[in-house]
$ cat input27.cif   # mmCIF, C-alpha atoms
data_my_file
loop_
_atom_site.label_atom_id
_atom_site.label_comp_id
_atom_site.auth_asym_id
_atom_site.auth_seq_id
_atom_site.Cartn_x
_atom_site.Cartn_y
_atom_site.Cartn_z
CA MET A 131 19.93 -8.88 2.31
CA ILE A 132 18.96 -12.21 0.82
CA PHE A 133 17.65 -15.06 2.97
CA ASN A 134 16.87 -18.58 1.83
CA VAL A 135 13.46 -19.47 3.27
CA SER A 136 12.94 -22.98 1.84
CA GLY A 137 13.22 -24.50 5.34
CA LEU A 138 10.76 -21.98 6.76
CA MET A 139 8.24 -22.66 3.98
CA MET A 140 8.38 -26.40 4.69
CA GLU A 141 7.46 -25.82 8.34
CA PRO A 142 3.89 -25.45 9.61
CA THR A 143 2.00 -22.17 9.54
CA GLY A 144 3.14 -19.90 12.35
CA ALA A 145 6.82 -20.89 12.22
CA THR A 146 9.20 -17.96 12.57
CA ARG A 147 12.80 -17.01 11.99
CA ARG A 148 14.63 -13.96 13.34
CA TYR A 149 17.49 -12.24 11.57
CA ARG A 150 19.71 -9.33 12.44
CA LEU A 151 21.58 -7.20 9.92
CA GLU A 152 24.33 -4.76 10.83
CA SER A 153 26.51 -2.36 8.83
CA GLU A 154 24.95 -3.23 5.48
CA ILE A 155 25.17 -0.94 2.45
CA LEU A 156 22.38 -0.59 -0.10
CA GLU A 157 23.25 1.05 -3.42
CA THR A 158 20.28 1.97 -5.59
CA GLU A 159 19.68 4.13 -8.64
CA TYR A 160 17.76 6.54 -6.38
CA GLY A 161 20.52 6.96 -3.79
CA ASP A 162 22.68 4.98 -1.41
CA PHE A 163 22.04 4.01 2.20
CA ASP A 164 24.89 3.26 4.60
CA GLU A 165 25.14 1.57 7.98
CA ILE A 166 21.86 -0.29 7.56
CA ALA A 167 20.82 -2.21 10.66
CA MET A 168 17.70 -4.34 10.87
CA GLU A 169 15.87 -6.63 13.23
CA ALA A 170 13.64 -8.83 11.05
CA ARG A 171 11.08 -11.47 11.92
CA LEU A 172 9.90 -13.83 9.17
CA LEU A 173 6.56 -15.53 9.83
CA ARG A 174 5.27 -18.43 7.75
CA THR A 175 1.62 -17.93 6.86
CA ASP A 176 -0.59 -20.27 4.84
CA ARG A 177 0.25 -18.47 1.55
CA THR A 178 3.17 -16.13 2.19
CA VAL A 179 6.10 -15.19 4.36
CA LEU A 180 5.35 -12.08 6.40
CA VAL A 181 8.40 -9.94 7.15
CA THR A 182 8.16 -7.47 10.02
CA GLY A 183 10.85 -5.44 11.67
CA THR A 184 12.60 -2.16 12.16
CA VAL A 185 15.33 -0.82 9.93
CA SER A 186 17.70 2.10 10.29
CA GLY A 187 20.30 3.59 8.00
CA ILE A 188 22.08 6.73 6.92
CA ALA A 189 21.41 8.68 3.73
CA ASP A 190 23.27 11.62 2.22
CA GLU A 191 20.96 14.45 1.20
CA ALA A 192 21.20 18.21 0.61
CA CYS A 193 19.91 20.80 3.08
CA ALA A 194 16.68 22.32 1.75
CA ARG A 195 17.79 25.84 2.77
CA CYS A 196 21.55 26.10 2.12
CA LEU A 197 22.18 23.05 -0.11
CA GLU A 198 25.04 21.81 2.08
CA PRO A 199 25.42 18.01 2.39
CA VAL A 200 23.51 16.43 5.27
CA ARG A 201 23.90 12.90 6.69
CA LEU A 202 20.48 11.80 7.90
CA ARG A 203 19.87 8.97 10.39
CA LEU A 204 16.68 7.28 9.18
CA GLU A 205 14.43 4.77 10.91
CA ALA A 206 11.44 2.90 9.53
CA VAL A 207 9.16 -0.04 10.19
CA ILE A 208 8.79 -2.81 7.62
CA GLU A 209 5.76 -5.03 7.28
CA GLU A 210 5.63 -6.81 3.92
CA GLU A 211 4.31 -10.09 2.55
CA TYR A 212 6.45 -12.13 0.18
CA TYR A 213 4.70 -14.53 -2.19
CA PRO A 214 6.56 -17.70 -3.21
CA PHE A 215 7.38 -18.56 -6.80
CA ASN A 216 7.14 -22.23 -5.75
CA ALA A 217 3.56 -22.29 -4.53
CA ASP A 218 3.68 -26.08 -4.13
CA LEU A 219 5.79 -25.61 -0.98
CA MET A 220 2.93 -23.76 0.72
CA ASP A 221 -0.10 -25.54 2.18
CA SER A 222 -2.58 -22.92 1.05
CA GLN A 223 -6.21 -23.92 0.78
CA PHE A 224 -6.81 -20.92 -1.42
CA GLY A 225 -4.49 -21.80 -4.28
CA LEU A 226 -2.07 -19.42 -5.94
CA VAL A 227 -3.70 -16.07 -6.41
CA GLU A 228 -3.09 -13.98 -9.49
CA LEU A 229 -0.25 -11.68 -8.44
CA GLU A 230 0.52 -8.22 -9.72
CA ASP A 231 4.03 -7.19 -10.67
CA GLN A 232 4.22 -4.86 -7.65
CA VAL A 233 4.17 -7.58 -4.99
CA PHE A 234 7.30 -8.90 -3.31
CA ARG A 235 8.25 -12.37 -4.49
CA ILE A 236 10.33 -15.24 -3.17
CA ASP A 237 12.26 -16.44 -6.20
CA GLU A 238 12.47 -19.94 -7.67
CA ARG A 239 15.51 -20.74 -5.47
CA ASN A 240 13.39 -19.78 -2.41
CA ASP A 241 15.48 -16.68 -1.76
CA LEU A 242 13.74 -13.75 -0.13
CA ASP A 243 15.43 -10.43 -0.98
CA LEU A 244 14.74 -7.62 1.50
CA SER A 245 16.63 -4.98 -0.51
CA GLU A 246 13.63 -3.38 -2.22
CA ALA A 247 11.48 -3.33 0.93
CA VAL A 248 14.36 -1.73 2.87
CA ARG A 249 14.91 0.82 0.09
CA GLN A 250 11.24 1.77 0.03
CA ALA A 251 11.00 2.03 3.81
CA LEU A 252 14.13 4.18 4.18
CA THR A 253 13.25 6.36 1.19
CA GLY A 254 9.82 6.97 2.68
CA SER A 255 11.37 8.13 5.94
CA ILE A 256 13.52 10.86 4.35
CA PRO A 257 12.11 14.25 5.39
CA ILE A 258 10.58 16.35 2.62
CA ALA A 259 12.87 19.27 3.48
CA PRO A 260 15.96 17.97 5.30
CA LEU A 261 17.94 20.60 7.19
CA CYS A 262 21.62 20.69 8.13
CA ARG A 263 20.52 22.20 11.45
CA PRO A 264 17.22 23.70 12.68
CA GLU A 265 18.57 27.28 12.74
CA CYS A 266 19.92 27.14 9.16
CA LYS A 267 19.56 30.61 7.56
CA GLY A 268 19.71 29.33 3.99
CA LEU A 269 20.85 31.16 0.87
CA CYS A 270 20.25 34.80 -0.04
CA PRO A 271 17.50 34.91 -2.69
CA ASN A 272 19.35 37.72 -4.55
CA CYS A 273 23.03 36.74 -4.62
CA SER A 274 22.87 33.09 -3.43
CA ALA A 275 25.39 33.71 -0.65
CA ASP A 276 25.29 31.26 2.24
CA ARG A 277 23.77 33.22 5.12
CA ASN A 278 25.24 30.75 7.63
CA ALA A 279 28.75 31.86 6.66
CA GLY A 280 27.91 35.55 7.10
CA ASN A 281 25.57 38.27 5.96
CA CYS A 282 25.62 39.34 2.34
CA HIS A 283 25.48 42.99 1.27
CA CYS A 284 22.26 42.77 -0.69
CA GLN A 285 19.46 45.24 -0.02
CA GLU A 286 16.55 43.25 1.26
CA SER A 287 13.30 44.67 0.06
CA PRO A 288 10.71 44.25 2.78
CA ILE A 289 8.05 43.71 0.13
CA ASP A 290 8.21 41.95 -3.20
CA PRO A 291 7.78 44.72 -5.82
CA ARG A 292 5.10 42.70 -7.57
CA TRP A 293 2.91 43.15 -4.47
CA SER A 294 3.69 46.83 -3.84
CA ALA A 295 0.33 47.98 -5.27
CA LEU A 296 -1.44 46.10 -2.51
CA VAL A 297 0.56 47.89 0.21
CA SER A 298 -0.45 51.35 -0.97
CA ALA A 299 -4.14 50.43 -1.25
CA GLU A 300 -6.32 51.74 1.55
CA PRO A 301 -8.03 49.12 3.70
CA GLY A 302 -11.72 48.70 2.94
CA ARG A 303 -11.54 50.10 -0.62
CA ASN A 304 -11.99 47.84 -3.60
#
$ encode --input "input27.cif" --output "structure tokens"
Amino acid sequence: MIFNVSGLMMEPTGATRRYRLESEILETEYGDFDEIAMEARLLRTDRTVLVTGTVSGIADEACARCLEPVRLRLEAVIEEEYYPFNADLMDSQFGLVELEDQVFRIDERNDLDLSEAVRQALTGSIPIAPLCRPECKGLCPNCSADRNAGNCHCQESPIDPRWSALVSAEPGRN
């Protein structure tokens, strides 16, 4: 997901390029994404290259209820600015600003790498509690049996024993 933008940075402000990615794979230390597709638009500004677009991909996660593997189709919007290492190629009136380590950079070879922006966007679109299916019954809290495969033979206590004193208390009495 690397694009050389030296030609774009030599053009006037407002110049654009469009790129399309299909069937890309992104392997990261946090997890892998498959079948990445992206429509990207790169816009030359006076100081940066603005990347906008939509990205989709597939991630393998675990169901939050039954822990079975789940393949999630993810979609996200990307809107990031990339600051050039070679500031002399830009016609900025403002000069090179002091940049933090967290900003996206165009390297000294004028290559713009979308990998980290795509990773962040797709990771941010993973649901907090992914489910294998909406009606997933999950695991039994006593024996850990998968309730989707069948019912277990555990006695389900209607009330947690730690709260049983509250059930026997009369309403209105302190």
$ atom_distance --input "input27.cif" --atom1 "atom CA of A:Gly254" --atom2 "atom CA of A:Ala167"
16.4 Å
$ resolve_selection --input "input27.cif" --expression "the PyMOL selection byres ((chain A and resi 168) around 10)" --output "list in words"
Met131, Tyr149, Arg150, Leu151, Glu152, Ser153, Glu154, Glu165, Ile166, Ala167, Glu169, Ala170, Arg171, Gly183, Thr184, Val185, Ser186, Gly187, Glu205, Ala206, Val207, Ile208 and Val248 of chain A
$ resolve_selection --input "input27.cif" --expression "the PyMOL selection byres ((chain A and resi 271) around 12)" --output "VMD selection string"
chain A and resid 195 to 196 267 to 270 272 to 277 282 284 to 287 290
$ closest_residue --input "input27.cif" --among "A:Ile258, A:Met139, A:Ile132, A:Val297" --to "A:Thr175" --atoms "only C-alpha atoms"
A:Met139
$ closest_residue --input "input27.cif" --among "A:Ala189, A:Ala145, A:Leu173, A:Ile155" --to "A:Thr253" --atoms "all atoms listed in the file"
A:Ala189
$ closest_residue --input "input27.cif" --among "A:Arg148, A:Arg263, A:Pro214, A:Phe234" --to "A:Asn278" --atoms "only C-alpha atoms"
A:Arg263
$ resolve_selection --input "input27.cif" --expression "the PyMOL selection byres ((chain A and resi 262) around 9)" --output "list of chain:residue names"
A:Ala192, A:Cys193, A:Ala194, A:Arg195, A:Cys196, A:Leu197, A:Glu198, A:Pro199, A:Val200, A:Arg201, A:Leu202, A:Pro260, A:Leu261, A:Arg263, A:Pro264, A:Glu265, A:Cys266
$ atom_distance --input "input27.cif" --atom1 "atom CA of A:Thr146" --atom2 "atom CA of A:Arg249"
23.3 Å
$ atom_distance --input "input27.cif" --atom1 "atom CA of A:Ile256" --atom2 "atom CA of A:Glu209"
17.9 Å
$ closest_residue --input "input27.cif" --among "A:Leu156, A:Leu172, A:Ile289, A:Val233" --to "A:Ile188" --atoms "all atoms listed in the file"
A:Leu156
$ residues_around --input "input27.cif" --residues "A:Gly137" --least-positions-apart "3" --cutoff "10 Å" --atoms "only C-alpha atoms" --output "count of residues only"
5
$ closest_residue --input "input27.cif" --among "A:Ser136, A:Thr143, A:Ser245, A:Thr182" --to "A:Thr158" --atoms "only C-alpha atoms"
A:Ser245
$ closest_residue --input "input27.cif" --among "A:Asp176, A:Tyr160, A:Phe215, A:Arg203" --to "A:Glu246" --atoms "all atoms listed in the file"
A:Tyr160
